[in-house]
$ cat protein-v9.tsv   # TSV, C-alpha atoms
chain	number	residue	atom	x	y	z
O	89	GLU	CA	38.11	-56.77	-67.89
O	90	ALA	CA	36.74	-55.25	-64.69
O	91	LEU	CA	36.10	-51.85	-66.25
O	92	ALA	CA	32.52	-52.59	-67.36
O	93	PRO	CA	31.19	-53.66	-63.91
O	94	MET	CA	33.14	-50.85	-62.23
O	95	LEU	CA	31.57	-48.28	-64.54
O	96	ALA	CA	28.12	-49.86	-64.16
O	97	ILE	CA	28.24	-49.94	-60.36
O	98	GLY	CA	29.62	-46.39	-60.37
O	99	ALA	CA	26.84	-45.22	-62.69
O	100	VAL	CA	24.03	-46.56	-60.52
O	101	THR	CA	25.68	-45.37	-57.29
O	102	ILE	CA	26.47	-41.82	-58.38
O	103	GLY	CA	23.29	-41.49	-60.42
O	104	PHE	CA	21.09	-42.55	-57.52
O	105	ILE	CA	22.96	-40.32	-55.06
O	106	ILE	CA	22.40	-37.29	-57.31
O	107	TYR	CA	18.76	-38.22	-57.79
O	108	TYR	CA	18.03	-38.97	-54.14
O	109	PHE	CA	19.69	-35.99	-52.49
O	110	VAL	CA	18.17	-33.49	-54.91
O	111	MET	CA	14.79	-35.16	-54.38
O	112	SER	CA	15.34	-34.91	-50.60
O	113	SER	CA	16.03	-31.16	-50.72
O	114	GLU	CA	13.24	-29.45	-48.76
O	115	LYS	CA	14.57	-26.05	-49.83
O	116	LEU	CA	14.27	-26.88	-53.53
O	117	GLU	CA	10.86	-28.47	-53.04
O	118	MET	CA	9.60	-25.36	-51.24
O	119	ARG	CA	10.53	-23.28	-54.29
O	120	PHE	CA	8.03	-25.30	-56.29
O	121	HIS	CA	5.41	-24.80	-53.56
O	122	SER	CA	6.00	-21.07	-53.30
O	123	ARG	CA	5.81	-20.59	-57.07
O	124	TRP	CA	2.83	-22.79	-57.92
O	125	GLY	CA	1.03	-23.24	-54.62
O	126	SER	CA	0.83	-26.22	-52.30
O	127	GLU	CA	-0.97	-28.80	-54.47
O	128	ASP	CA	0.29	-27.79	-57.93
O	129	GLY	CA	3.77	-27.24	-56.53
O	130	GLN	CA	3.85	-30.72	-55.04
O	131	ALA	CA	2.63	-32.24	-58.31
O	132	ARG	CA	5.24	-30.39	-60.36
O	133	TRP	CA	7.93	-31.38	-57.85
O	134	ILE	CA	7.06	-35.08	-58.18
O	135	ILE	CA	7.06	-34.89	-61.97
O	136	PHE	CA	10.36	-32.99	-61.95
O	137	SER	CA	11.94	-35.57	-59.63
O	138	ARG	CA	10.99	-38.37	-62.04
O	139	TRP	CA	12.56	-36.61	-65.02
O	140	TRP	CA	15.62	-35.81	-62.90
O	141	GLY	CA	15.99	-39.43	-61.79
O	142	GLY	CA	15.40	-40.81	-65.27
O	143	PHE	CA	18.13	-38.55	-66.66
O	144	TRP	CA	20.81	-39.31	-64.07
O	145	LEU	CA	20.21	-43.05	-64.10
O	146	GLY	CA	19.66	-43.53	-67.83
O	147	VAL	CA	21.94	-41.11	-69.68
O	148	PRO	CA	25.23	-42.14	-68.00
O	149	SER	CA	24.34	-45.81	-68.51
O	150	VAL	CA	23.95	-45.22	-72.25
O	151	LEU	CA	27.00	-42.97	-72.66
O	152	LEU	CA	29.62	-44.72	-70.52
O	153	PRO	CA	29.92	-47.87	-72.70
O	154	ILE	CA	30.36	-45.69	-75.79
O	155	ILE	CA	32.93	-43.36	-74.22
O	156	PHE	CA	35.03	-45.73	-72.11
O	157	LEU	CA	34.43	-49.22	-73.52
O	158	GLY	CA	34.09	-48.51	-77.22
O	159	LYS	CA	30.88	-50.56	-77.34
O	160	SER	CA	27.26	-50.00	-78.18
O	161	PRO	CA	24.67	-49.70	-75.37
O	162	ALA	CA	22.99	-52.72	-76.99
O	163	ASP	CA	26.01	-54.82	-76.00
O	164	TYR	CA	24.90	-54.27	-72.39
O	165	GLY	CA	21.22	-55.05	-72.76
O	166	MET	CA	20.16	-51.52	-73.67
O	167	SER	CA	18.28	-52.28	-76.88
O	168	PHE	CA	14.57	-52.04	-77.69
O	169	GLY	CA	14.02	-55.28	-79.58
O	170	MET	CA	11.38	-57.75	-78.38
O	171	THR	CA	11.59	-61.48	-79.01
O	172	THR	CA	8.55	-63.74	-79.09
O	173	GLU	CA	9.48	-65.01	-75.63
O	174	ALA	CA	9.67	-61.45	-74.31
O	175	LEU	CA	6.21	-60.64	-75.67
O	176	VAL	CA	4.74	-63.78	-74.08
O	177	ILE	CA	6.29	-62.94	-70.71
O	178	CYS	CA	4.88	-59.40	-70.88
O	179	ALA	CA	1.46	-60.75	-71.85
O	180	VAL	CA	1.47	-62.90	-68.69
O	181	LEU	CA	3.14	-60.63	-66.14
O	182	CYS	CA	1.62	-57.24	-66.98
O	183	PRO	CA	-2.05	-58.28	-66.52
O	184	LEU	CA	-1.09	-60.23	-63.40
O	185	LEU	CA	0.49	-57.15	-61.80
O	186	ILE	CA	-2.47	-54.97	-62.78
O	187	VAL	CA	-4.89	-57.39	-61.10
O	188	MET	CA	-2.65	-57.47	-58.02
O	189	ASN	CA	-2.75	-53.66	-57.86
O	190	ILE	CA	-6.53	-53.64	-58.16
O	191	PHE	CA	-6.84	-55.89	-55.09
O	192	ARG	CA	-4.51	-53.76	-52.97
O	193	ALA	CA	-5.68	-50.38	-54.29
O	194	GLY	CA	-7.73	-49.27	-51.30
O	195	LYS	CA	-5.48	-50.58	-48.55
O	196	PRO	CA	-4.34	-47.87	-46.12
O	197	LYS	CA	-0.62	-48.59	-46.55
O	198	ASN	CA	-0.92	-48.26	-50.31
O	199	LEU	CA	-2.96	-45.05	-50.13
O	200	GLU	CA	-0.43	-43.63	-47.68
O	201	HIS	CA	2.18	-43.48	-50.47
O	202	TYR	CA	0.24	-43.65	-53.74
O	203	PRO	CA	-0.55	-41.88	-55.88
O	204	GLN	CA	2.57	-39.86	-55.15
O	205	ILE	CA	0.90	-36.71	-56.44
O	206	ARG	CA	-1.47	-35.68	-53.65
O	207	LYS	CA	-3.75	-33.26	-55.48
O	208	LYS	CA	-7.37	-33.65	-54.46
O	209	GLU	CA	-8.64	-32.76	-57.94
O	210	TRP	CA	-6.86	-34.25	-60.97
O	211	THR	CA	-7.11	-32.99	-64.53
O	212	LYS	CA	-6.12	-34.80	-67.71
O	213	GLY	CA	-2.93	-32.74	-67.63
O	214	THR	CA	-2.15	-33.96	-64.12
O	215	PHE	CA	-2.66	-37.58	-65.11
O	216	ALA	CA	-0.67	-37.23	-68.36
O	217	GLY	CA	2.20	-35.39	-66.67
O	218	SER	CA	2.40	-37.96	-63.91
O	219	SER	CA	2.24	-40.89	-66.33
O	220	ILE	CA	4.87	-39.51	-68.70
O	221	GLY	CA	7.07	-38.74	-65.69
O	222	TRP	CA	6.77	-42.36	-64.57
O	223	ILE	CA	7.70	-43.63	-68.04
O	224	VAL	CA	10.76	-41.36	-68.27
O	225	TYR	CA	11.92	-42.31	-64.79
O	226	LEU	CA	11.45	-46.05	-65.33
O	227	LEU	CA	13.15	-45.92	-68.72
O	228	GLY	CA	16.29	-44.46	-67.14
O	229	TYR	CA	15.91	-46.72	-64.12
O	230	GLU	CA	15.75	-49.94	-66.14
O	231	LEU	CA	18.43	-48.86	-68.62
O	232	CYS	CA	20.65	-48.59	-65.55
O	233	PHE	CA	19.56	-51.57	-63.45
O	234	ARG	CA	18.52	-54.25	-65.95
O	235	GLY	CA	20.71	-52.82	-68.68
O	236	PHE	CA	24.21	-51.59	-67.92
O	237	LEU	CA	24.47	-52.81	-64.31
O	238	LEU	CA	23.16	-56.32	-64.96
O	239	PHE	CA	24.85	-57.05	-68.28
O	240	GLY	CA	28.04	-55.21	-67.33
O	241	CYS	CA	28.44	-57.37	-64.22
O	242	VAL	CA	27.53	-60.62	-66.01
O	243	GLU	CA	30.35	-60.11	-68.48
O	244	PHE	CA	32.97	-60.17	-65.71
O	245	MET	CA	31.38	-61.96	-62.71
O	246	GLY	CA	28.99	-64.50	-64.21
O	247	VAL	CA	25.23	-64.82	-63.96
O	248	TRP	CA	24.44	-65.40	-60.28
O	249	PRO	CA	26.89	-62.91	-58.75
O	250	ALA	CA	25.55	-60.30	-61.19
O	251	ILE	CA	21.96	-61.08	-60.21
O	252	ALA	CA	22.85	-60.92	-56.49
O	253	ILE	CA	24.49	-57.50	-56.90
O	254	ASN	CA	21.58	-56.24	-58.98
O	255	ALA	CA	18.91	-57.38	-56.52
O	256	SER	CA	20.89	-56.00	-53.56
O	257	ILE	CA	21.38	-52.53	-55.01
O	258	TYR	CA	17.79	-52.55	-56.29
O	259	SER	CA	16.56	-53.34	-52.76
O	260	PHE	CA	18.67	-50.54	-51.23
O	261	ALA	CA	17.18	-48.14	-53.78
O	262	HIS	CA	13.76	-48.79	-52.20
O	263	PHE	CA	14.95	-48.20	-48.64
O	264	PHE	CA	13.23	-44.82	-48.29
O	265	LYS	CA	9.88	-46.36	-49.34
O	266	GLY	CA	9.58	-48.53	-46.26
O	267	ILE	CA	10.25	-52.12	-45.21
O	268	GLY	CA	7.56	-53.65	-47.43
O	269	GLU	CA	8.90	-52.36	-50.75
O	270	THR	CA	12.53	-52.80	-49.65
O	271	VAL	CA	12.07	-56.51	-48.91
O	272	GLY	CA	9.72	-57.05	-51.86
O	273	ALA	CA	12.31	-55.60	-54.22
O	274	ILE	CA	14.64	-58.55	-53.55
O	275	PRO	CA	12.55	-61.36	-55.14
O	276	PHE	CA	11.24	-58.99	-57.81
O	277	GLY	CA	14.81	-57.93	-58.62
O	278	ILE	CA	15.98	-61.53	-58.89
O	279	ILE	CA	13.09	-62.61	-61.10
O	280	ILE	CA	13.24	-59.60	-63.42
O	281	SER	CA	17.03	-59.95	-63.74
O	282	ILE	CA	16.67	-63.60	-64.77
O	283	ILE	CA	14.03	-62.62	-67.31
O	284	SER	CA	16.21	-59.80	-68.68
O	285	LEU	CA	19.16	-62.15	-69.18
O	286	PHE	CA	16.88	-64.73	-70.79
O	287	THR	CA	15.36	-62.23	-73.24
O	288	GLY	CA	18.66	-60.43	-73.89
O	289	ASN	CA	17.75	-56.86	-72.93
O	290	PHE	CA	15.95	-54.59	-70.47
O	291	MET	CA	12.64	-54.23	-72.31
O	292	VAL	CA	10.55	-56.74	-70.36
O	293	ALA	CA	11.72	-55.17	-67.10
O	294	PHE	CA	10.80	-51.72	-68.41
O	295	LEU	CA	7.33	-52.69	-69.65
O	296	VAL	CA	6.53	-54.73	-66.54
O	297	HIS	CA	7.70	-51.91	-64.27
O	298	CYS	CA	5.61	-49.40	-66.24
O	299	SER	CA	2.49	-51.56	-65.97
O	300	LEU	CA	3.09	-51.89	-62.23
O	301	ALA	CA	3.60	-48.15	-61.61
O	302	LEU	CA	0.93	-46.79	-63.96
O	303	SER	CA	-1.77	-49.23	-62.90
O	304	ASN	CA	-1.03	-48.61	-59.21
O	305	GLN	CA	-1.18	-44.86	-59.78
O	306	THR	CA	-4.56	-45.21	-61.50
O	307	VAL	CA	-6.27	-47.59	-59.09
O	308	ALA	CA	-4.86	-45.80	-56.03
O	309	PHE	CA	-6.27	-42.50	-57.34
O	310	LEU	CA	-9.66	-44.06	-58.01
O	311	ALA	CA	-9.71	-45.70	-54.57
O	312	HIS	CA	-8.55	-42.62	-52.66
O	313	PRO	CA	-11.50	-41.12	-50.75
O	314	GLU	CA	-10.14	-37.55	-50.97
O	315	MET	CA	-9.25	-37.50	-54.69
O	316	LYS	CA	-11.44	-37.03	-57.72
O	317	TRP	CA	-11.46	-35.82	-61.35
O	318	LYS	CA	-11.86	-32.11	-61.78
$ encode --input "protein-v9.tsv" --output "structure tokens"
Amino acid sequence: EALAPMLAIGAVTIGFIIYYFVMSSEKLEMRFHSRWGSEDGQARWIIFSRWWGGFWLGVPSVLLPIIFLGKSPADYGMSFGMTTEALVICAVLCPLLIVMNIFRAGKPKNLEHYPQIRKKEWTKGTFAGSSIGWIVYLLGYELCFRGFLLFGCVEFMGVWPAIAINASIYSFAHFFKGIGETVGAIPFGIIISIISLFTGNFMVAFLVHCSLALSNQTVAFLAHPEMKWK
């Protein structure tokens, strides 16, 4: 009975370790810089890290239930269906988060970290590559966190212990982004976990997270005094 939460916690732990320590490799990052130059190399490195993270968080979460539990990923919240309630929640939350990002776009702390790609001149290719990278990363991220981890723990532990574990690990995953995002991830993790259990899958979490990341990328770029369209 404990196999599902053990596999889920193992998937997020090992997946995030592989993602984080590769992403933290200065030697590997410098290979991108030496091959494509400082700005293009940094942009390609960021996009690569998102694909890398999306793969190692998402793929194991989808495969482990099939291989070890004999169940479908959909049994653990990893399905793409949207109920009427889910659509209503997205219609409320996504615009709200976009407006919130607009108000904080030009603040120094936000511009210090976003957009993650630091090119001074962006092309359509830069914007598309960055956006697709975000979508891939967040797909794997939410398949893992609000899919396998959340629903796998609920099955054995019950609702509130599963939400507590999810929000805790989710907060730790933001540790390298500073105290603000680390603390802010706790209430966000609790709320989005409740919504995911209410709607029956990870889709609201994925769409809300995408609207948050993509809108912040866009407004931060537009507000950045040293960045412009080429």
$ residues_around --input "protein-v9.tsv" --residues "Ala131 of chain O" --least-positions-apart "4" --cutoff "12 Å" --atoms "all atoms listed in the file" --output "VMD selection string"
chain O and resid 117 120 to 121 124 to 127 135 to 138 203 to 211 213 to 219 221
$ atom_distance --input "protein-v9.tsv" --atom1 "atom CA of Val224 of chain O" --atom2 "atom CA of Trp139 of chain O"
6.0 Å
$ closest_residue --input "protein-v9.tsv" --among "O:Trp317, O:Asn304, O:Val147, O:Gly288" --to "Val187 of chain O" --atoms "only C-alpha atoms"
O:Asn304
$ atom_distance --input "protein-v9.tsv" --atom1 "atom CA of Ser284 of chain O" --atom2 "atom CA of Gly165 of chain O"
8.0 Å
$ residues_around --input "protein-v9.tsv" --residues "Gly235 of chain O" --least-positions-apart "4" --cutoff "8 Å" --atoms "all atoms listed in the file" --output "PyMOL selection string"
chain O and resi 149+164-166+230-231+239-240+289-290
$ residues_around --input "protein-v9.tsv" --residues "His297 of chain O" --least-positions-apart "5" --cutoff "9 Å" --atoms "only C-alpha atoms" --output "list in words"
Cys182, Leu226, Glu230, Val292 and Leu302 of chain O
$ residues_near_point --input "protein-v9.tsv" --point "(-6.5, -48.9, -56.7)" --cutoff "6 Å" --atoms "all atoms listed in the file" --output "PyMOL selection string"
chain O and resi 190+193-194+307-308+310-311
